[in-house]
file start-v7.tsv (TSV, C-alpha atoms and all ligand atoms)
chain	number	residue	atom	x	y	z
A	30	MET	CA	27.00	12.82	-0.26
A	31	ASN	CA	28.50	10.09	-2.47
A	32	GLN	CA	30.36	8.19	0.21
A	33	VAL	CA	30.52	4.47	-0.51
A	34	VAL	CA	30.55	2.06	2.45
A	35	THR	CA	31.18	-1.55	1.51
A	36	LYS	CA	29.71	-4.03	3.97
A	37	PRO	CA	30.45	-7.64	3.03
A	38	ASN	CA	29.63	-7.53	-0.70
A	39	VAL	CA	27.04	-4.75	-0.58
A	40	ALA	CA	28.13	-1.27	-1.69
A	41	ILE	CA	25.96	1.37	-0.02
A	42	ARG	CA	25.81	5.00	-1.13
A	43	GLU	CA	23.98	7.95	0.42
A	44	LEU	CA	22.15	9.95	-2.29
A	45	GLU	CA	20.67	13.42	-1.93
A	46	PRO	CA	17.02	12.91	-0.89
A	47	ARG	CA	14.20	15.15	-2.04
A	48	GLU	CA	13.61	18.24	0.12
A	49	GLY	CA	11.81	17.39	3.35
A	50	TYR	CA	13.07	13.80	3.40
A	51	GLU	CA	15.56	12.31	5.87
A	52	ARG	CA	17.58	9.90	3.71
A	53	LEU	CA	17.90	8.17	0.36
A	54	VAL	CA	20.24	5.18	0.20
A	55	GLU	CA	21.28	3.14	-2.83
A	56	ALA	CA	22.81	-0.34	-2.57
A	57	ARG	CA	24.41	-2.61	-5.14
A	58	ASP	CA	25.78	-6.08	-4.86
A	59	GLU	CA	27.46	-7.48	-7.96
A	60	GLN	CA	27.39	-11.07	-6.79
A	61	THR	CA	23.61	-11.33	-6.35
A	62	GLY	CA	22.61	-8.54	-8.77
A	63	LEU	CA	20.98	-6.54	-5.98
A	64	HIS	CA	20.19	-2.95	-6.88
A	65	ALA	CA	18.00	-1.40	-4.20
A	66	LEU	CA	16.92	1.95	-2.79
A	67	VAL	CA	15.68	2.85	0.66
A	68	SER	CA	13.91	6.15	1.27
A	69	ILE	CA	13.35	7.39	4.79
A	70	HIS	CA	10.88	10.23	4.75
A	71	SER	CA	10.33	10.88	8.45
A	72	LEU	CA	11.57	9.65	11.81
A	73	ARG	CA	9.41	12.08	13.77
A	74	ARG	CA	7.01	9.52	15.22
A	75	GLY	CA	9.54	6.67	15.53
A	76	PRO	CA	11.66	4.41	13.34
A	77	ALA	CA	10.55	4.41	9.71
A	78	ALA	CA	8.49	1.43	8.62
A	79	GLY	CA	7.14	0.38	5.23
A	80	GLY	CA	7.34	-2.53	2.84
A	81	CYS	CA	9.79	-3.47	0.11
A	82	ARG	CA	8.60	-3.49	-3.51
A	83	MET	CA	10.37	-5.44	-6.24
A	84	PHE	CA	9.60	-4.05	-9.68
A	85	ASN	CA	11.28	-3.88	-13.05
A	86	TYR	CA	11.70	-0.09	-13.22
A	87	ALA	CA	12.87	1.06	-16.65
A	88	ARG	CA	15.08	3.82	-15.20
A	89	ILE	CA	16.68	4.54	-11.84
A	90	GLU	CA	14.80	7.87	-11.84
A	91	ASP	CA	11.50	5.96	-11.94
A	92	ALA	CA	12.58	3.85	-8.97
A	93	ILE	CA	13.63	6.95	-6.99
A	94	TYR	CA	10.34	8.69	-7.79
A	95	ASP	CA	8.36	5.64	-6.68
A	96	VAL	CA	10.29	4.90	-3.49
A	97	GLU	CA	10.18	8.53	-2.32
A	98	ARG	CA	6.47	8.90	-3.02
A	99	LEU	CA	5.73	5.60	-1.27
A	100	SER	CA	7.95	6.54	1.67
A	101	ARG	CA	6.13	9.84	2.24
A	102	GLY	CA	2.85	7.92	1.98
A	103	MET	CA	4.03	5.68	4.84
A	104	THR	CA	4.64	8.71	7.09
A	105	TYR	CA	1.04	9.78	6.53
A	106	LYS	CA	-0.33	6.21	6.74
A	107	ASN	CA	1.47	5.43	10.00
A	108	ALA	CA	0.26	8.67	11.54
A	109	ALA	CA	-3.29	8.07	10.25
A	110	ALA	CA	-3.26	4.63	11.92
A	111	ASP	CA	-1.88	6.24	15.11
A	112	LEU	CA	1.28	4.14	15.10
A	113	PRO	CA	4.52	5.27	16.79
A	114	LEU	CA	6.39	4.84	13.51
A	115	GLY	CA	7.90	7.10	10.90
A	116	GLY	CA	7.69	6.65	7.13
A	117	GLY	CA	10.02	4.71	4.89
A	118	LYS	CA	9.93	2.33	1.97
A	119	SER	CA	12.36	0.33	-0.15
A	120	VAL	CA	12.45	-0.91	-3.72
A	121	ILE	CA	14.50	-3.62	-5.38
A	122	ILE	CA	14.98	-2.98	-9.10
A	123	GLY	CA	14.30	-6.13	-11.09
A	124	ASP	CA	11.69	-8.62	-12.20
A	125	PRO	CA	10.46	-10.56	-9.16
A	126	LYS	CA	9.46	-13.50	-11.38
A	127	THR	CA	12.91	-14.04	-12.91
A	128	GLN	CA	15.50	-12.14	-10.86
A	129	LYS	CA	14.55	-12.78	-7.25
A	130	THR	CA	16.74	-15.29	-5.42
A	131	PRO	CA	17.29	-16.14	-1.74
A	132	GLU	CA	20.82	-14.70	-2.01
A	133	LEU	CA	19.50	-11.41	-3.42
A	134	MET	CA	17.05	-11.11	-0.53
A	135	ARG	CA	19.85	-11.89	1.97
A	136	ALA	CA	21.97	-9.12	0.39
A	137	PHE	CA	18.98	-6.79	0.79
A	138	GLY	CA	18.89	-7.87	4.46
A	139	LYS	CA	22.50	-6.69	4.84
A	140	LEU	CA	21.51	-3.29	3.50
A	141	ILE	CA	18.66	-3.05	6.04
A	142	GLU	CA	21.02	-4.07	8.85
A	143	CYS	CA	23.39	-1.24	7.87
A	144	LEU	CA	20.61	1.27	8.52
A	145	ALA	CA	20.82	0.22	12.18
A	146	GLY	CA	17.13	0.35	13.00
A	147	ASP	CA	16.21	3.63	11.29
A	148	TYR	CA	14.07	1.57	8.87
A	149	TYR	CA	12.02	-1.63	9.26
A	150	THR	CA	11.09	-3.50	6.10
A	151	ALA	CA	8.22	-5.90	5.24
A	152	GLU	CA	6.32	-7.10	2.14
A	153	ASP	CA	4.95	-5.01	-0.70
A	154	VAL	CA	4.27	-5.81	-4.37
A	155	GLY	CA	6.54	-8.59	-5.67
A	156	VAL	CA	7.81	-9.63	-2.23
A	157	SER	CA	6.48	-12.50	-0.08
A	158	PRO	CA	6.77	-13.70	3.55
A	159	GLN	CA	9.29	-16.32	2.33
A	160	ASP	CA	11.45	-13.50	0.91
A	161	MET	CA	11.27	-11.73	4.27
A	162	ALA	CA	12.50	-14.94	5.94
A	163	TYR	CA	15.70	-14.67	3.84
A	164	VAL	CA	16.00	-10.98	4.77
A	165	ALA	CA	15.66	-11.97	8.44
A	166	GLU	CA	18.77	-14.15	8.13
A	167	ARG	CA	20.78	-10.92	7.88
A	168	THR	CA	18.84	-8.39	9.94
A	169	SER	CA	16.36	-8.13	12.79
A	170	TYR	CA	14.82	-4.93	11.35
A	171	VAL	CA	12.24	-6.90	9.39
A	172	ALA	CA	8.58	-7.85	9.93
A	173	GLY	CA	5.84	-9.72	8.10
A	174	LEU	CA	7.53	-13.00	9.04
A	175	GLU	CA	5.66	-16.27	9.36
A	176	GLY	CA	7.64	-17.79	12.21
A	177	GLY	CA	9.00	-16.58	15.53
A	178	GLU	CA	7.65	-14.67	18.50
A	179	PHE	CA	5.25	-11.86	17.48
A	180	ALA	CA	5.44	-13.01	13.83
A	181	SER	CA	2.67	-11.27	11.90
A	182	GLY	CA	2.77	-13.08	8.53
A	183	ASP	CA	1.38	-11.72	5.28
A	184	PRO	CA	-0.17	-8.29	6.00
A	185	SER	CA	-2.46	-8.44	2.95
A	186	PRO	CA	-5.61	-9.99	4.51
A	187	VAL	CA	-5.52	-7.37	7.27
A	188	THR	CA	-5.06	-4.62	4.68
A	189	ALA	CA	-8.09	-6.01	2.85
A	190	ARG	CA	-10.17	-6.02	6.04
A	191	GLY	CA	-9.33	-2.37	6.71
A	192	VAL	CA	-10.28	-1.44	3.14
A	193	PHE	CA	-13.53	-3.42	3.46
A	194	LEU	CA	-14.51	-1.59	6.67
A	195	CYS	CA	-13.64	1.76	5.12
A	196	LEU	CA	-15.64	0.93	1.99
A	197	LYS	CA	-18.67	0.25	4.18
A	198	GLN	CA	-18.03	3.47	6.11
A	199	THR	CA	-17.92	5.42	2.83
A	200	LEU	CA	-21.30	4.05	1.76
A	201	LYS	CA	-22.74	4.74	5.20
A	202	HIS	CA	-21.52	8.32	5.15
A	203	ARG	CA	-23.16	9.17	1.86
A	204	LEU	CA	-26.11	6.73	1.69
A	205	GLY	CA	-26.95	6.27	5.38
A	206	SER	CA	-26.48	2.49	5.13
A	207	ASP	CA	-23.45	0.26	4.75
A	208	ASP	CA	-25.43	-2.66	3.36
A	209	LEU	CA	-23.55	-4.15	0.42
A	210	THR	CA	-26.37	-6.38	-0.80
A	211	GLY	CA	-26.77	-5.77	-4.51
A	212	LYS	CA	-24.13	-3.03	-4.61
A	213	THR	CA	-21.68	-3.32	-7.51
A	214	VAL	CA	-17.94	-3.00	-6.95
A	215	ALA	CA	-15.27	-2.89	-9.67
A	216	VAL	CA	-12.02	-4.35	-8.33
A	217	GLN	CA	-8.88	-3.45	-10.29
A	218	GLY	CA	-6.11	-5.94	-9.43
A	219	LEU	CA	-6.70	-9.33	-7.83
A	220	GLY	CA	-3.40	-9.84	-6.04
A	221	HIS	CA	-2.85	-10.48	-2.35
A	222	VAL	CA	-5.12	-7.64	-1.21
A	223	GLY	CA	-7.56	-7.38	-4.13
A	224	MET	CA	-8.51	-11.07	-4.07
A	225	SER	CA	-9.01	-11.04	-0.32
A	226	LEU	CA	-11.15	-7.88	-0.58
A	227	ALA	CA	-13.17	-9.43	-3.41
A	228	GLY	CA	-13.91	-12.43	-1.17
A	229	MET	CA	-15.19	-10.20	1.63
A	230	LEU	CA	-17.34	-8.15	-0.75
A	231	HIS	CA	-18.82	-11.30	-2.28
A	232	ALA	CA	-19.58	-12.73	1.18
A	233	ALA	CA	-21.33	-9.45	2.06
A	234	GLY	CA	-23.61	-9.70	-0.99
A	235	ALA	CA	-21.90	-7.31	-3.41
A	236	LYS	CA	-21.77	-7.97	-7.17
A	237	LEU	CA	-18.24	-7.91	-8.53
A	238	ILE	CA	-16.70	-6.74	-11.78
A	239	VAL	CA	-12.97	-7.49	-11.87
A	240	SER	CA	-9.87	-7.06	-14.00
A	241	ASP	CA	-6.26	-8.16	-13.76
A	242	ILE	CA	-3.43	-8.69	-16.21
A	243	ASN	CA	-3.11	-12.17	-14.67
A	244	ASP	CA	-5.67	-14.47	-16.33
A	245	ALA	CA	-5.53	-17.09	-13.58
A	246	ALA	CA	-6.57	-14.49	-10.99
A	247	VAL	CA	-9.62	-13.28	-12.91
A	248	ARG	CA	-10.69	-16.87	-13.64
A	249	ALA	CA	-10.48	-17.68	-9.92
A	250	ALA	CA	-12.66	-14.66	-9.07
A	251	GLU	CA	-15.12	-15.70	-11.77
A	252	VAL	CA	-15.41	-19.21	-10.36
A	253	ASP	CA	-15.22	-18.43	-6.64
A	254	PHE	CA	-17.19	-15.17	-6.45
A	255	GLY	CA	-19.29	-15.18	-9.63
A	256	ALA	CA	-17.42	-12.06	-10.73
A	257	MET	CA	-17.86	-10.57	-14.18
A	258	VAL	CA	-14.46	-10.22	-15.87
A	259	VAL	CA	-13.54	-7.21	-18.01
A	260	SER	CA	-10.26	-6.16	-19.59
A	261	PRO	CA	-7.88	-3.85	-17.68
A	262	ASP	CA	-8.74	-1.09	-20.20
A	263	ASP	CA	-12.46	-1.35	-19.50
A	264	ILE	CA	-12.60	-1.56	-15.70
A	265	LEU	CA	-12.88	2.22	-15.19
A	266	ARG	CA	-15.88	2.54	-17.51
A	267	GLN	CA	-18.08	0.09	-15.63
A	268	ASP	CA	-21.39	1.35	-14.32
A	269	VAL	CA	-20.77	0.46	-10.67
A	270	ASP	CA	-21.31	1.95	-7.22
A	271	VAL	CA	-17.70	1.60	-6.09
A	272	PHE	CA	-14.34	1.50	-7.86
A	273	ALA	CA	-11.66	-0.28	-5.79
A	274	PRO	CA	-8.13	0.29	-7.16
A	275	CYS	CA	-5.98	-2.57	-5.82
A	276	ALA	CA	-3.15	-2.75	-8.39
A	277	MET	CA	-0.34	-0.24	-8.87
A	278	GLY	CA	-0.34	3.49	-8.10
A	279	GLY	CA	-1.55	6.31	-10.33
A	280	ALA	CA	-4.87	4.65	-11.31
A	281	LEU	CA	-6.75	7.93	-10.79
A	282	SER	CA	-5.44	10.18	-13.55
A	283	ALA	CA	-7.36	13.02	-15.22
A	284	ASP	CA	-8.19	10.69	-18.14
A	285	ALA	CA	-9.31	7.92	-15.80
A	286	ILE	CA	-11.56	10.23	-13.78
A	287	ALA	CA	-13.13	11.55	-16.97
A	288	VAL	CA	-14.51	8.07	-17.78
A	289	LEU	CA	-15.11	6.79	-14.25
A	290	LYS	CA	-18.78	6.04	-13.58
A	291	ALA	CA	-18.48	4.95	-9.93
A	292	ARG	CA	-19.81	7.28	-7.20
A	293	PHE	CA	-17.27	6.05	-4.65
A	294	VAL	CA	-13.56	5.21	-4.83
A	295	VAL	CA	-12.13	3.07	-2.03
A	296	GLY	CA	-9.17	0.76	-2.61
A	297	ALA	CA	-5.87	-0.63	-1.36
A	298	ALA	CA	-3.37	0.70	-3.88
A	299	ASN	CA	-0.75	3.15	-2.66
A	300	ASN	CA	-0.54	6.58	-4.31
A	301	GLN	CA	-3.79	6.28	-6.25
A	302	LEU	CA	-3.90	9.95	-7.31
A	303	ALA	CA	-1.77	10.40	-10.43
A	304	ASP	CA	-1.17	14.04	-9.52
A	305	ASP	CA	-2.29	16.77	-7.12
A	306	THR	CA	-5.23	17.86	-9.27
A	307	CYS	CA	-6.97	14.47	-9.25
A	308	GLY	CA	-8.59	14.68	-5.81
A	309	GLN	CA	-10.31	17.95	-6.79
A	310	ARG	CA	-11.31	16.45	-10.15
A	311	MET	CA	-13.15	13.62	-8.38
A	312	GLN	CA	-14.85	16.08	-6.05
A	313	ASP	CA	-15.98	18.12	-9.09
A	314	ALA	CA	-17.31	14.94	-10.71
A	315	GLY	CA	-19.36	14.11	-7.58
A	316	ILE	CA	-17.21	11.09	-6.69
A	317	LEU	CA	-16.51	10.51	-3.00
A	318	TYR	CA	-12.85	9.52	-2.67
A	319	ALA	CA	-11.60	7.68	0.43
A	320	PRO	CA	-7.93	8.76	0.73
A	321	ASP	CA	-5.65	5.76	0.08
A	322	TYR	CA	-3.32	6.08	3.05
A	323	VAL	CA	-6.23	6.33	5.47
A	324	VAL	CA	-7.97	3.17	4.25
A	325	ASN	CA	-5.01	0.88	3.45
A	326	GLY	CA	-3.29	1.02	6.85
A	327	GLY	CA	-4.38	-2.46	7.99
A	328	GLY	CA	-1.20	-4.12	6.75
A	329	ILE	CA	1.13	-1.75	8.54
A	330	VAL	CA	-0.92	-2.10	11.75
A	331	ASN	CA	-0.27	-5.85	11.53
A	332	VAL	CA	3.41	-5.30	10.74
A	333	ALA	CA	3.71	-2.75	13.57
A	334	MET	CA	2.62	-5.32	16.14
A	335	GLU	CA	5.64	-7.42	15.18
A	336	ILE	CA	8.00	-4.43	15.26
A	337	LEU	CA	6.62	-3.17	18.58
A	338	LYS	CA	6.30	-6.70	20.01
A	339	VAL	CA	2.60	-6.41	20.79
A	340	ALA	CA	0.70	-9.70	21.18
A	341	ASP	CA	-2.77	-8.45	22.18
A	342	PRO	CA	-5.19	-8.82	19.21
A	343	ALA	CA	-7.22	-5.94	20.68
A	344	TYR	CA	-4.40	-3.61	19.51
A	345	ARG	CA	-5.00	-4.72	15.91
A	346	GLU	CA	-8.78	-4.56	16.16
A	347	SER	CA	-8.88	-1.10	17.71
A	348	ARG	CA	-6.53	0.35	15.13
A	349	ILE	CA	-8.33	-1.26	12.18
A	350	ALA	CA	-11.63	0.09	13.50
A	351	GLY	CA	-9.79	3.41	13.96
A	352	LEU	CA	-9.11	3.64	10.21
A	353	ALA	CA	-12.85	3.85	9.50
A	354	LYS	CA	-13.27	6.40	12.33
A	355	THR	CA	-10.50	8.59	10.92
A	356	LEU	CA	-12.08	8.29	7.49
A	357	GLU	CA	-15.44	9.44	8.84
A	358	GLN	CA	-13.71	12.41	10.52
A	359	VAL	CA	-12.20	13.29	7.14
A	360	PHE	CA	-15.56	13.05	5.34
A	361	VAL	CA	-17.36	15.16	7.97
A	362	ARG	CA	-14.69	17.88	7.76
A	363	ALA	CA	-14.77	17.71	3.94
A	364	ASP	CA	-18.55	18.24	4.01
A	365	GLU	CA	-18.17	21.19	6.38
A	366	THR	CA	-15.43	22.94	4.41
A	367	GLY	CA	-16.21	21.89	0.84
A	368	GLU	CA	-12.61	20.75	0.48
A	369	PRO	CA	-11.88	17.40	-1.21
A	370	PRO	CA	-11.23	14.54	1.24
A	371	HIS	CA	-7.61	14.01	0.18
A	372	SER	CA	-6.61	17.54	1.19
A	373	VAL	CA	-8.64	17.37	4.43
A	374	ALA	CA	-6.81	14.11	5.25
A	375	ASP	CA	-3.40	15.69	4.53
A	376	LYS	CA	-4.17	18.59	6.88
A	377	LEU	CA	-5.46	16.30	9.63
A	378	ILE	CA	-2.37	14.11	9.45
A	379	GLU	CA	0.02	17.07	9.21
A	380	SER	CA	-1.50	18.37	12.46
A	381	ARG	CA	-0.80	14.96	14.05
A	382	LEU	CA	2.77	15.12	12.74
A	383	ARG	CA	3.30	18.54	14.31
B	1	LIG	N1	-0.09	-6.06	0.63
B	1	LIG	C1	-0.46	-5.14	1.53
B	1	LIG	O1	-0.71	-5.45	2.71
B	1	LIG	C2	-0.58	-3.72	1.11
B	1	LIG	C3	-0.62	-3.36	-0.22
B	1	LIG	N2	-0.82	-2.06	-0.56
B	1	LIG	C4	-0.89	-1.68	-1.97
B	1	LIG	O2	-2.00	-2.36	-2.56
B	1	LIG	C5	-1.69	-2.67	-3.93
B	1	LIG	C6	-1.82	-4.17	-4.15
B	1	LIG	O3	-0.91	-4.84	-3.29
B	1	LIG	P1	-0.78	-6.43	-3.31
B	1	LIG	O4	-2.11	-7.04	-3.46
B	1	LIG	O5	0.05	-6.78	-2.15
B	1	LIG	O6	0.08	-6.64	-4.63
B	1	LIG	P2	0.07	-7.88	-5.64
B	1	LIG	O7	1.29	-7.77	-6.46
B	1	LIG	O8	-0.19	-9.15	-4.90
B	1	LIG	O9	-1.22	-7.59	-6.54
B	1	LIG	C7	-1.28	-6.62	-7.53
B	1	LIG	C8	-2.18	-7.20	-8.62
B	1	LIG	O10	-2.44	-6.17	-9.57
B	1	LIG	C9	-2.37	-6.76	-10.87
B	1	LIG	N3	-2.16	-5.71	-11.84
B	1	LIG	C10	-1.01	-5.09	-12.18
B	1	LIG	N4	-1.25	-4.17	-13.14
B	1	LIG	C11	-2.58	-4.21	-13.40
B	1	LIG	C12	-3.44	-3.50	-14.28
B	1	LIG	N5	-2.98	-2.56	-15.10
B	1	LIG	N6	-4.76	-3.79	-14.26
B	1	LIG	C13	-5.24	-4.75	-13.44
B	1	LIG	N7	-4.48	-5.45	-12.59
B	1	LIG	C14	-3.15	-5.20	-12.57
B	1	LIG	C15	-1.27	-7.79	-10.74
B	1	LIG	O11	-1.33	-8.75	-11.78
B	1	LIG	C16	-1.56	-8.36	-9.37
B	1	LIG	O12	-2.47	-9.44	-9.41
B	1	LIG	C17	-0.29	-2.11	-4.18
B	1	LIG	O13	-0.42	-0.79	-4.68
B	1	LIG	C18	0.32	-2.07	-2.79
B	1	LIG	O14	1.38	-1.14	-2.68
B	1	LIG	C19	-1.02	-1.08	0.38
B	1	LIG	C20	-1.00	-1.39	1.70
B	1	LIG	C21	-0.69	-2.72	2.18
B	2	LIG	O1	4.15	-4.52	4.53
B	2	LIG	C1	3.07	-3.98	4.27
B	2	LIG	O2	2.33	-4.34	3.33
B	2	LIG	C2	2.58	-2.89	5.12
B	2	LIG	C3	3.42	-1.69	4.97
B	2	LIG	C4	3.41	-1.10	3.60
B	2	LIG	O3	4.39	-1.17	2.93
B	2	LIG	C5	2.22	-0.41	3.08
B	2	LIG	O4	1.23	-0.23	3.79
B	2	LIG	O5	2.27	-0.01	1.92

call {"tool": "encode", "arguments": {"input": "start-v7.tsv", "output": "C-alpha cells"}}
result
Amino acid sequence: MNQVVTKPNVAIRELEPREGYERLVEARDEQTGLHALVSIHSLRRGPAAGGCRMFNYARIEDAIYDVERLSRGMTYKNAAADLPLGGGKSVIIGDPKTQKTPELMRAFGKLIECLAGDYYTAEDVGVSPQDMAYVAERTSYVAGLEGGEFASGDPSPVTARGVFLCLKQTLKHRLGSDDLTGKTVAVQGLGHVGMSLAGMLHAAGAKLIVSDINDAAVRAAEVDFGAMVVSPDDILRQDVDVFAPCAMGGALSADAIAVLKARFVVGAANNQLADDTCGQRMQDAGILYAPDYVVNGGGIVNVAMEILKVADPAYRESRIAGLAKTLEQVFVRADETGEPPHSVADKLIESRLR
C-alpha cells in the first residue's frame, strides 16, 4: 500500500486506512511545504465531501486520528442532512497563520485533482474561501467558493443558522417553548460559526457568556452583543441554560461533564464527545445533548448545493429545517427507549446508510 505517485511536484502515497474506511492518502510537496492527508470514509451515498482543516498537529498520528474521525463524522452528517454525498475530510499539517501560502493551497488542489472526484473539499478550521480559490486553480472538485456559477461562499453563517434552529428545537422539546428571551447561553469559541451564532442568539434575546483564546473576538462579542467574557478554563462552569461548543473537538470529556452546569448542549464543533462514554455521562447528569453531526450540517448543505449544482434556495431551506426535524426524531426516540441521543442518532443514520 506504499505506492508513491508523483504528480507535478506532489508525492502522493496510499496509506492503510482504519477498518471500515475506504481510503487514506498522504501527500507531500517539498517546494511548498505541503504535508496533507485525505480520508475517505464512505462513498455509499455519493462522492465524499467534507472540509479541509489546517492545524499544527504535533505528530502525524494526531493528524491521522483527527482526519479519520472527522471523515466518519461527515458520512453521518451528510446522511443526517439527507444529502447524496459520502463522507471525507482533509487536513493540512501546519500553522495556518504562518505557513499557509497560495502555492501551498494550489499544491493541495493538485492532490484533490488526483483523487478524480472521489472527494470534494471546502473550508474548515484554518481555511478560508480565498484559500479555496487557490485550490480551484488546480481542481474542480472544490466548493465554498465566492465566485462562479453555483458558488456558495463561506458555509459558516449557514452552519450557525442550522445550530440556532436546533438549539431552539432542543429547548422546545424539553421546555415546551423555544423562546430565548432571558435564556443564558455559554458559547465556547467565537470563530466563523461561533460569532455568527452569538449574533443570532443575542438578536433573539438570549444572554451570552463567551470565551475564546483570541482576545479580539471576545472583545467584539462584549461590545456588539453585551456578552460576559470568561476565560477558556471557566466557560464550562458557568451557570447557564445552554452550553454551545463552537471551537475544536473533544470539548465534552468526562472531566468537562463533571463540572458542566448547563442543562442543554447544542453547538457547532465537530466530534464534541471526547470518547464513547461521554454521551451516556451527559444523560446520567440530566443534560440533553443534541448530537453534533445532526445540528452542524448547515455548512455542508450549502457546500452540497455548489457540488450538485443546485440554485434553488428552497433546497437549502428545506434541508436546514430538516436538521431540526431529524433532531426532534432523535429526541423522541431517546425518550421512548431511554437511550442517550448520540446513540439513537447513530442508529438512525446507520439505518439510512444501509
Ligand atoms: N465553518 C463551518 O461551516 C463548520 C464548522 N464546523 C466546526 O465548528 C467548529 C468551529 O468552526 P469555525 O468557526 O469554522 O472555526 P474557526 O477557526 O473560525 O473558529 C474556532 C474558534 O475557536 C477558538 N478556540 C480555539 N481553541 C479554543 C479554546 N480552547 N477555547 C475557546 N476558544 C477556542 C479559536 O480562537 C477560534 O476563534 C470546528 O470544530 C469546525 O470543525 C462544523 C461544521 C461546519
Ligand atoms: O465546509 C464546511 O464547513 C462544510 C463541510 C464540513 O467540513 C463540515 O461540516 O465539517

call {"tool": "residues_near_ligand", "arguments": {"input": "start-v7.tsv", "ligand": "ligand LIG 2 (chain B)", "cutoff": "10 Å", "atoms": "only C-alpha atoms and all ligand atoms", "output": "ChimeraX atom specification"}}
result
/A:78-82,99-100,102-103,106-107,116-119,149-154,156-158,171-173,182-188,221-222,297-300,321-322,324-333

call {"tool": "residues_around", "arguments": {"input": "start-v7.tsv", "residues": "Ser169 (chain A)", "least_positions_apart": "6", "cutoff": "9 Å", "atoms": "only C-alpha atoms", "output": "JSON, numbers by chain"}}
result
{"A": [138, 141, 142, 146, 149]}

call {"tool": "write_last_selection", "arguments": {"input": "start-v7.tsv", "atoms": "C-alpha atoms", "output": "PDB file, in the frame of the given file"}}
result
ATOM      1  CA  GLY A 138      18.890  -7.870   4.460  1.00  0.00           C
ATOM      2  CA  ILE A 141      18.660  -3.050   6.040  1.00  0.00           C
ATOM      3  CA  GLU A 142      21.020  -4.070   8.850  1.00  0.00           C
ATOM      4  CA  GLY A 146      17.130   0.350  13.000  1.00  0.00           C
ATOM      5  CA  TYR A 149      12.020  -1.630   9.260  1.00  0.00           C
TER       6      TYR A 149
END

call {"tool": "atom_distance", "arguments": {"input": "start-v7.tsv", "atom1": "CA of Arg190 (chain A)", "atom2": "atom N2 of ligand LIG 1 (chain B)"}}
result
12.1 Å

call {"tool": "atom_distance", "arguments": {"input": "start-v7.tsv", "atom1": "CA of Leu174 (chain A)", "atom2": "atom O5 of ligand LIG 1 (chain B)"}}
result
14.8 Å

call {"tool": "atom_distance", "arguments": {"input": "start-v7.tsv", "atom1": "CA of Thr127 (chain A)", "atom2": "CA of Leu63 (chain A)"}}
result
13.0 Å

call {"tool": "residues_near_point", "arguments": {"input": "start-v7.tsv", "point": "(-23.1, -10.7, -2.8)", "cutoff": "10 Å", "atoms": "only C-alpha atoms", "output": "ChimeraX atom specification"}}
result
/A:209-213,228-237,254-256

call {"tool": "residues_around", "arguments": {"input": "start-v7.tsv", "residues": "Ala283 (chain A)", "least_positions_apart": "6", "cutoff": "8 Å", "atoms": "all atoms listed in the file", "output": "PyMOL selection string"}}
result
chain A and resi 303+306-307+310

call {"tool": "closest_residue", "arguments": {"input": "start-v7.tsv", "among": "A:His64, A:Glu90, A:Pro76, A:Arg383", "to": "Ala145 (chain A)", "atoms": "only C-alpha atoms"}}
result
A:Pro76

call {"tool": "closest_residue", "arguments": {"input": "start-v7.tsv", "among": "A:Ala287, A:Val214, A:Cys275, A:Ala227", "to": "ligand LIG 1 (chain B)", "atoms": "only C-alpha atoms and all ligand atoms"}}
result
A:Cys275

call {"tool": "build_atoms", "arguments": {"input": "start-v7.tsv", "residues": "region 211-223 of chain A", "atoms": "N, CA and C atoms", "output": "CSV table (one decimal), in the frame of the given file"}}
result
chain,number,residue,atom,x,y,z
A,211,GLY,N,-26.4,-6.3,-3.2
A,211,GLY,CA,-26.8,-5.8,-4.5
A,211,GLY,C,-25.9,-4.6,-5.0
A,212,LYS,N,-25.0,-4.1,-4.2
A,212,LYS,CA,-24.1,-3.0,-4.6
A,212,LYS,C,-23.1,-3.6,-5.6
A,213,THR,N,-22.7,-2.8,-6.5
A,213,THR,CA,-21.7,-3.3,-7.5
A,213,THR,C,-20.3,-2.7,-7.2
A,214,VAL,N,-19.3,-3.5,-7.2
A,214,VAL,CA,-17.9,-3.0,-7.0
A,214,VAL,C,-17.0,-3.5,-8.1
A,215,ALA,N,-16.3,-2.5,-8.7
A,215,ALA,CA,-15.3,-2.9,-9.7
A,215,ALA,C,-13.9,-3.0,-9.0
A,216,VAL,N,-13.3,-4.2,-9.0
A,216,VAL,CA,-12.0,-4.4,-8.3
A,216,VAL,C,-10.9,-4.4,-9.4
A,217,GLN,N,-10.0,-3.5,-9.3
A,217,GLN,CA,-8.9,-3.4,-10.3
A,217,GLN,C,-7.7,-4.1,-9.6
A,218,GLY,N,-7.3,-5.3,-10.0
A,218,GLY,CA,-6.1,-5.9,-9.4
A,218,GLY,C,-6.5,-7.0,-8.4
A,219,LEU,N,-6.3,-8.2,-8.7
A,219,LEU,CA,-6.7,-9.3,-7.8
A,219,LEU,C,-5.5,-10.0,-7.3
A,220,GLY,N,-4.6,-9.3,-6.7
A,220,GLY,CA,-3.4,-9.8,-6.0
A,220,GLY,C,-3.7,-10.2,-4.6
A,221,HIS,N,-2.7,-10.1,-3.8
A,221,HIS,CA,-2.8,-10.5,-2.4
A,221,HIS,C,-4.0,-9.7,-1.7
A,222,VAL,N,-4.1,-8.4,-1.9
A,222,VAL,CA,-5.1,-7.6,-1.2
A,222,VAL,C,-6.4,-7.7,-2.0
A,223,GLY,N,-6.3,-7.5,-3.3
A,223,GLY,CA,-7.6,-7.4,-4.1
A,223,GLY,C,-8.4,-8.6,-4.1
